[in-house]
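K.L.:
So that you have it, the file is entry19.pdb, and it contains PDB, C-alpha atoms:
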ATOM      1  CA  MET F 208     -10.655 -69.616   4.313
ATOM      2  CA  HIS F 209     -10.582 -66.028   2.998
ATOM      3  CA  ASP F 210     -13.810 -66.191   0.999
ATOM      4  CA  ARG F 211     -16.200 -64.848   3.593
ATOM      5  CA  PRO F 212     -16.029 -61.216   4.680
ATOM      6  CA  ASP F 213     -14.698 -60.746   8.188
ATOM      7  CA  PRO F 214     -17.661 -59.627  10.334
ATOM      8  CA  LEU F 215     -15.324 -57.771  12.677
ATOM      9  CA  LEU F 216     -14.123 -55.664   9.773
ATOM     10  CA  THR F 217     -17.386 -55.161   7.958
ATOM     11  CA  ALA F 218     -19.224 -54.256  11.144
ATOM     12  CA  ALA F 219     -17.001 -51.333  12.053
ATOM     13  CA  SER F 220     -14.505 -50.242   9.456
ATOM     14  CA  ALA F 221     -13.366 -46.748   8.628
ATOM     15  CA  PRO F 222     -14.514 -46.133   5.067
ATOM     16  CA  ASP F 223     -11.673 -43.822   4.122
ATOM     17  CA  GLY F 224      -8.699 -45.507   5.702
ATOM     18  CA  ARG F 225      -8.498 -43.371   8.843
ATOM     19  CA  VAL F 226      -7.023 -45.097  11.882
ATOM     20  CA  LEU F 227     -10.462 -45.215  13.438
ATOM     21  CA  ASP F 228     -14.045 -44.394  12.589
ATOM     22  CA  VAL F 229     -15.399 -41.960  15.157
ATOM     23  CA  GLY F 230     -18.947 -42.265  13.830
ATOM     24  CA  ALA F 231     -18.930 -46.048  14.165
ATOM     25  CA  ALA F 232     -17.317 -45.832  17.605
ATOM     26  CA  LEU F 233     -19.854 -43.290  18.814
ATOM     27  CA  ALA F 234     -22.686 -45.438  17.485
ATOM     28  CA  ARG F 235     -21.323 -48.384  19.476
ATOM     29  CA  ALA F 236     -21.381 -46.162  22.553
ATOM     30  CA  GLY F 237     -25.022 -45.306  21.915
ATOM     31  CA  GLY F 238     -24.070 -41.725  21.033
ATOM     32  CA  ASP F 239     -22.682 -41.157  24.534
ATOM     33  CA  VAL F 240     -19.430 -39.194  24.259
ATOM     34  CA  ARG F 241     -18.497 -39.820  27.901
ATOM     35  CA  LEU F 242     -18.975 -43.538  27.494
ATOM     36  CA  LEU F 243     -16.851 -43.445  24.343
ATOM     37  CA  ALA F 244     -14.076 -41.711  26.297
ATOM     38  CA  GLU F 245     -14.300 -44.431  28.955
ATOM     39  CA  LEU F 246     -14.123 -47.138  26.279
ATOM     40  CA  ALA F 247     -11.121 -45.493  24.635
ATOM     41  CA  ASN F 248      -9.329 -45.416  27.990
ATOM     42  CA  MET F 249     -10.119 -49.079  28.561
ATOM     43  CA  PHE F 250      -8.740 -50.052  25.167
ATOM     44  CA  LEU F 251      -5.583 -47.992  25.698
ATOM     45  CA  GLU F 252      -4.971 -49.735  29.025
ATOM     46  CA  ASP F 253      -5.858 -53.237  27.898
ATOM     47  CA  SER F 254      -4.160 -53.236  24.499
ATOM     48  CA  ALA F 255      -0.767 -52.664  26.129
ATOM     49  CA  GLY F 256      -1.278 -55.813  28.201
ATOM     50  CA  TRP F 257      -2.477 -57.776  25.188
ATOM     51  CA  LEU F 258       0.641 -56.810  23.251
ATOM     52  CA  ALA F 259       2.763 -58.038  26.156
ATOM     53  CA  ASP F 260       0.723 -61.262  26.245
ATOM     54  CA  LEU F 261       1.258 -61.696  22.506
ATOM     55  CA  ALA F 262       5.001 -61.226  22.857
ATOM     56  CA  GLY F 263       5.092 -63.762  25.694
ATOM     57  CA  ALA F 264       3.040 -66.302  23.738
ATOM     58  CA  LEU F 265       5.277 -65.870  20.692
ATOM     59  CA  GLN F 266       8.360 -66.381  22.828
ATOM     60  CA  ARG F 267       6.933 -69.554  24.352
ATOM     61  CA  GLY F 268       5.793 -70.857  20.975
ATOM     62  CA  ASP F 269       2.241 -70.887  22.330
ATOM     63  CA  VAL F 270       0.193 -70.974  19.121
ATOM     64  CA  ALA F 271      -3.170 -71.056  20.903
ATOM     65  CA  GLY F 272      -2.154 -68.113  23.081
ATOM     66  CA  VAL F 273      -1.123 -66.068  20.054
ATOM     67  CA  ARG F 274      -4.393 -66.810  18.261
ATOM     68  CA  PHE F 275      -6.491 -66.110  21.324
ATOM     69  CA  THR F 276      -4.865 -62.790  22.178
ATOM     70  CA  ALA F 277      -4.788 -61.545  18.582
ATOM     71  CA  HIS F 278      -8.479 -62.395  18.281
ATOM     72  CA  LEU F 279      -9.282 -60.541  21.497
ATOM     73  CA  LEU F 280      -7.313 -57.490  20.454
ATOM     74  CA  ARG F 281      -8.822 -57.176  16.992
ATOM     75  CA  GLY F 282     -12.316 -57.793  18.333
ATOM     76  CA  SER F 283     -11.908 -54.952  20.774
ATOM     77  CA  ALA F 284     -10.364 -52.660  18.148
ATOM     78  CA  ALA F 285     -13.371 -53.260  15.887
ATOM     79  CA  ASN F 286     -15.500 -51.330  18.368
ATOM     80  CA  PHE F 287     -13.604 -48.209  17.310
ATOM     81  CA  GLY F 288     -13.670 -48.935  13.578
ATOM     82  CA  ALA F 289      -9.905 -49.379  13.770
ATOM     83  CA  GLN F 290      -9.695 -51.206  10.471
ATOM     84  CA  GLU F 291      -5.924 -51.192  10.199
ATOM     85  CA  VAL F 292      -5.494 -52.753  13.639
ATOM     86  CA  CYS F 293      -8.194 -55.322  12.893
ATOM     87  CA  ARG F 294      -6.450 -56.292   9.657
ATOM     88  CA  ALA F 295      -3.054 -56.629  11.326
ATOM     89  CA  GLY F 296      -4.544 -58.592  14.218
ATOM     90  CA  ARG F 297      -6.240 -60.911  11.791
ATOM     91  CA  ALA F 298      -2.921 -61.536  10.035
ATOM     92  CA  VAL F 299      -1.329 -62.519  13.358
ATOM     93  CA  GLU F 300      -4.252 -64.808  14.146
ATOM     94  CA  GLU F 301      -4.251 -66.509  10.744
ATOM     95  CA  ARG F 302      -0.505 -67.038  10.652
ATOM     96  CA  ALA F 303      -0.640 -68.568  14.111
ATOM     97  CA  ARG F 304      -3.540 -70.765  13.033
ATOM     98  CA  ALA F 305      -1.400 -71.981  10.131
ATOM     99  CA  GLY F 306       1.398 -72.784  12.576
ATOM    100  CA  ASP F 307       3.615 -70.044  11.135
ATOM    101  CA  LEU F 308       4.922 -68.421  14.307
ATOM    102  CA  ARG F 309       7.715 -66.570  12.485
ATOM    103  CA  GLY F 310       5.095 -65.041  10.225
ATOM    104  CA  ALA F 311       2.905 -64.306  13.236
ATOM    105  CA  ALA F 312       5.834 -62.528  14.896
ATOM    106  CA  ALA F 313       6.352 -60.418  11.773
ATOM    107  CA  SER F 314       2.656 -59.547  11.660
ATOM    108  CA  CYS F 315       2.810 -58.730  15.346
ATOM    109  CA  GLY F 316       5.389 -56.060  14.522
ATOM    110  CA  GLU F 317       2.927 -54.538  12.061
ATOM    111  CA  LEU F 318       0.176 -54.782  14.658
ATOM    112  CA  LYS F 319       2.304 -52.822  17.135
ATOM    113  CA  ALA F 320       2.920 -50.143  14.504
ATOM    114  CA  CYS F 321      -0.810 -49.917  13.780
ATOM    115  CA  LEU F 322      -1.575 -49.580  17.487
ATOM    116  CA  LEU F 323       0.973 -46.791  17.771
ATOM    117  CA  ARG F 324      -0.752 -44.951  14.919
ATOM    118  CA  LEU F 325      -4.125 -45.502  16.583
ATOM    119  CA  ARG F 326      -2.992 -44.256  19.995
ATOM    120  CA  PRO F 327      -3.211 -40.466  19.392
ATOM    121  CA  ALA F 328      -6.734 -40.785  18.010
ATOM    122  CA  LEU F 329      -7.809 -42.859  21.009
ATOM    123  CA  LEU F 330      -6.185 -40.397  23.408
ATOM    124  CA  ALA F 331      -8.159 -37.629  21.740
ATOM    125  CA  LEU F 332     -11.374 -39.629  22.189
ATOM    126  CA  ALA F 333     -10.419 -40.282  25.787
ATOM    127  CA  GLY F 334     -10.021 -36.548  26.286
ATOM    128  CA  THR F 335      -6.517 -36.724  27.662
ATOM    129  CA  GLU F 336      -4.024 -33.888  27.430
ATOM    130  CA  GLU F 337      -1.630 -35.961  25.312
ATOM    131  CA  GLY F 338      -4.383 -36.632  22.797
ATOM    132  CA  ASN F 339      -5.507 -33.022  22.690
ATOM    133  CA  ALA F 340      -2.007 -31.603  22.283
TER     134      ALA F 340
ATOM    135  CA  MET S 143     -35.234 -58.839  33.969
ATOM    136  CA  LYS S 144     -31.604 -59.593  34.745
ATOM    137  CA  VAL S 145     -29.225 -60.309  31.852
ATOM    138  CA  LEU S 146     -25.843 -62.034  32.084
ATOM    139  CA  ILE S 147     -23.035 -60.614  29.939
ATOM    140  CA  ALA S 148     -19.967 -62.831  29.573
ATOM    141  CA  ASP S 149     -17.073 -61.504  27.538
ATOM    142  CA  ASP S 150     -13.337 -61.319  28.186
ATOM    143  CA  ASP S 151     -13.183 -57.884  26.549
ATOM    144  CA  ARG S 152     -14.257 -55.251  29.057
ATOM    145  CA  VAL S 153     -14.912 -52.726  26.254
ATOM    146  CA  ILE S 154     -17.615 -55.027  24.917
ATOM    147  CA  ARG S 155     -18.936 -55.744  28.405
ATOM    148  CA  ARG S 156     -19.256 -52.022  29.074
ATOM    149  CA  ILE S 157     -20.999 -51.357  25.736
ATOM    150  CA  LEU S 158     -23.526 -54.115  26.412
ATOM    151  CA  GLU S 159     -24.045 -53.026  30.022
ATOM    152  CA  ALA S 160     -24.729 -49.454  28.927
ATOM    153  CA  ALA S 161     -27.155 -50.455  26.172
ATOM    154  CA  LEU S 162     -29.044 -52.975  28.290
ATOM    155  CA  SER S 163     -29.398 -50.649  31.259
ATOM    156  CA  GLU S 164     -30.612 -47.921  28.893
ATOM    157  CA  TRP S 165     -33.305 -50.392  27.815
ATOM    158  CA  GLY S 166     -34.260 -51.058  31.435
ATOM    159  CA  TYR S 167     -32.481 -54.352  32.091
ATOM    160  CA  ALA S 168     -30.390 -55.190  35.123
ATOM    161  CA  THR S 169     -27.049 -56.739  34.166
ATOM    162  CA  VAL S 170     -24.464 -59.080  35.605
ATOM    163  CA  ALA S 171     -21.128 -58.925  33.778
ATOM    164  CA  VAL S 172     -18.354 -61.500  33.982
ATOM    165  CA  ALA S 173     -15.063 -61.953  32.133
ATOM    166  CA  ASP S 174     -14.820 -65.701  31.549
ATOM    167  CA  GLY S 175     -16.818 -68.828  30.971
ATOM    168  CA  ARG S 176     -16.399 -70.294  34.444
ATOM    169  CA  ALA S 177     -17.701 -67.139  36.104
ATOM    170  CA  ALA S 178     -20.607 -67.192  33.637
ATOM    171  CA  TRP S 179     -21.391 -70.779  34.582
ATOM    172  CA  GLU S 180     -21.326 -69.864  38.278
ATOM    173  CA  ALA S 181     -23.579 -66.860  37.687
ATOM    174  CA  LEU S 182     -26.073 -69.041  35.819
ATOM    175  CA  ARG S 183     -26.151 -71.582  38.665
ATOM    176  CA  ALA S 184     -26.562 -68.995  41.422
ATOM    177  CA  PRO S 185     -29.863 -68.348  43.194
ATOM    178  CA  ASP S 186     -31.806 -65.690  41.287
ATOM    179  CA  ALA S 187     -29.676 -66.392  38.216
ATOM    180  CA  PRO S 188     -30.196 -64.308  35.077
ATOM    181  CA  ARG S 189     -32.653 -65.964  32.714
ATOM    182  CA  PHE S 190     -31.065 -64.421  29.643
ATOM    183  CA  ALA S 191     -27.372 -64.518  28.752
ATOM    184  CA  ILE S 192     -25.187 -62.886  26.121
ATOM    185  CA  LEU S 193     -22.080 -65.055  25.827
ATOM    186  CA  ASP S 194     -18.858 -64.523  23.975
ATOM    187  CA  TRP S 195     -17.657 -67.619  22.162
ATOM    188  CA  LEU S 196     -13.903 -67.567  22.831
ATOM    189  CA  MET S 197     -13.205 -66.937  26.490
ATOM    190  CA  PRO S 198     -10.545 -68.135  28.946
ATOM    191  CA  GLY S 199     -11.259 -71.315  30.874
ATOM    192  CA  LEU S 200     -14.615 -72.250  29.417
ATOM    193  CA  ASP S 201     -15.988 -71.011  26.105
ATOM    194  CA  GLY S 202     -19.445 -69.593  25.524
ATOM    195  CA  LEU S 203     -20.751 -72.745  23.844
TER     196      LEU S 203
END
Have the structure of the file written as structure tokens, please.
P.N.:
Amino acid sequence: MHDRPDPLLTAASAPDGRVLDVGAALARAGGDVRLLAELANMFLEDSAGWLADLAGALQRGDVAGVRFTAHLLRGSAANFGAQEVCRAGRAVEERARAGDLRGAAASCGELKACLLRLRPALLALAGTEEGNA
Amino acid sequence: MKVLIADDDRVIRRILEAALSEWGYATVAVADGRAAWEALRAPDAPRFAILDWLMPGLDGL
């Protein structure tokens, strides 16, 4: 199951462990800084909802919901080269796939922490005051 | 030519919309498989579609 490289990670990963890869993100946006800011804002808005959806699915014991939302979140994060978030999201997805919801909940905690670390960098991309402070 | 984009992630939809319009294509973007199916059955439907696999309701396959 773990033999093949994850295309979401290999396609857009930060080579030096930064929370995101601005070069990869800008390339995804076709070199358009304003579009990248728009995308960063979208991810900031949507990821909060996805985390809430994940928490709800975990609480309900909804394995498919956990897998689906974790997959969506890490796929979106890959557009920013957010390797750490992608890795944590993948862990949630794989633990849910294995039926290990306690493990998925633990990985979800790590995913939240990764998203918190990513947030300032995304705010900076989005050009908000909080990100530029 | 009009291109259908179906993906439940609006970041990806926006990236594809921007790239395709830069290349001169008109786009129709939807967020789930059922809306994609409706768009493909509509009069003057797009003849080319970029479909996500995992989507709510109806998948891209």
K.L.:
Taking the file above as input, evaluate the PyMOL selection byres ((chain S and resi 170-184) around 8) and report the hits as an NGL selection string.
P.N.:
:S and (144-152 or 155 or 159 or 168-169 or 185-189 or 197-202)
K.L.:
For chain S, report every residue with an atom at most 8 Å from chain F (counting only C-alpha atoms), formatted as a VMD selection string.
P.N.:
chain S and resid 150 to 154 156 to 157 160 to 161 196
K.L.:
Nearest residue to F:Arg304 out of F:Val292, F:Leu265, F:Val270, F:Ala277, using all atoms listed in the file?
P.N.:
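Looking at the shortest contact to F:Arg304, the residue is F:Val270.
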K.L.:
For atom CA of F:Arg302 and atom CA of F:Ser314, quote the distance in Å rounded to one decimal.
P.N.:
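Interatomic distance here is 8.2 Å.
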K.L.:
Could you expand the PyMOL selection byres ((chain F and resi 322) around 10) into the explicit residues it covers here, written as a ChimeraX atom specification?
P.N.:
/F:226,251,254-255,258,284,289,291-293,295,316-321,323-327,329
K.L.:
So how many Å separate atom CA of F:Arg281 and atom CA of F:Gly296, to one decimal?
P.N.:
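It comes out at 5.3 Å.
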K.L.:
Take atom CA of F:Gly288 and atom CA of F:Ala271 and report the distance between them in Å, one decimal.
P.N.:
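Distance between the two atoms: 25.6 Å.
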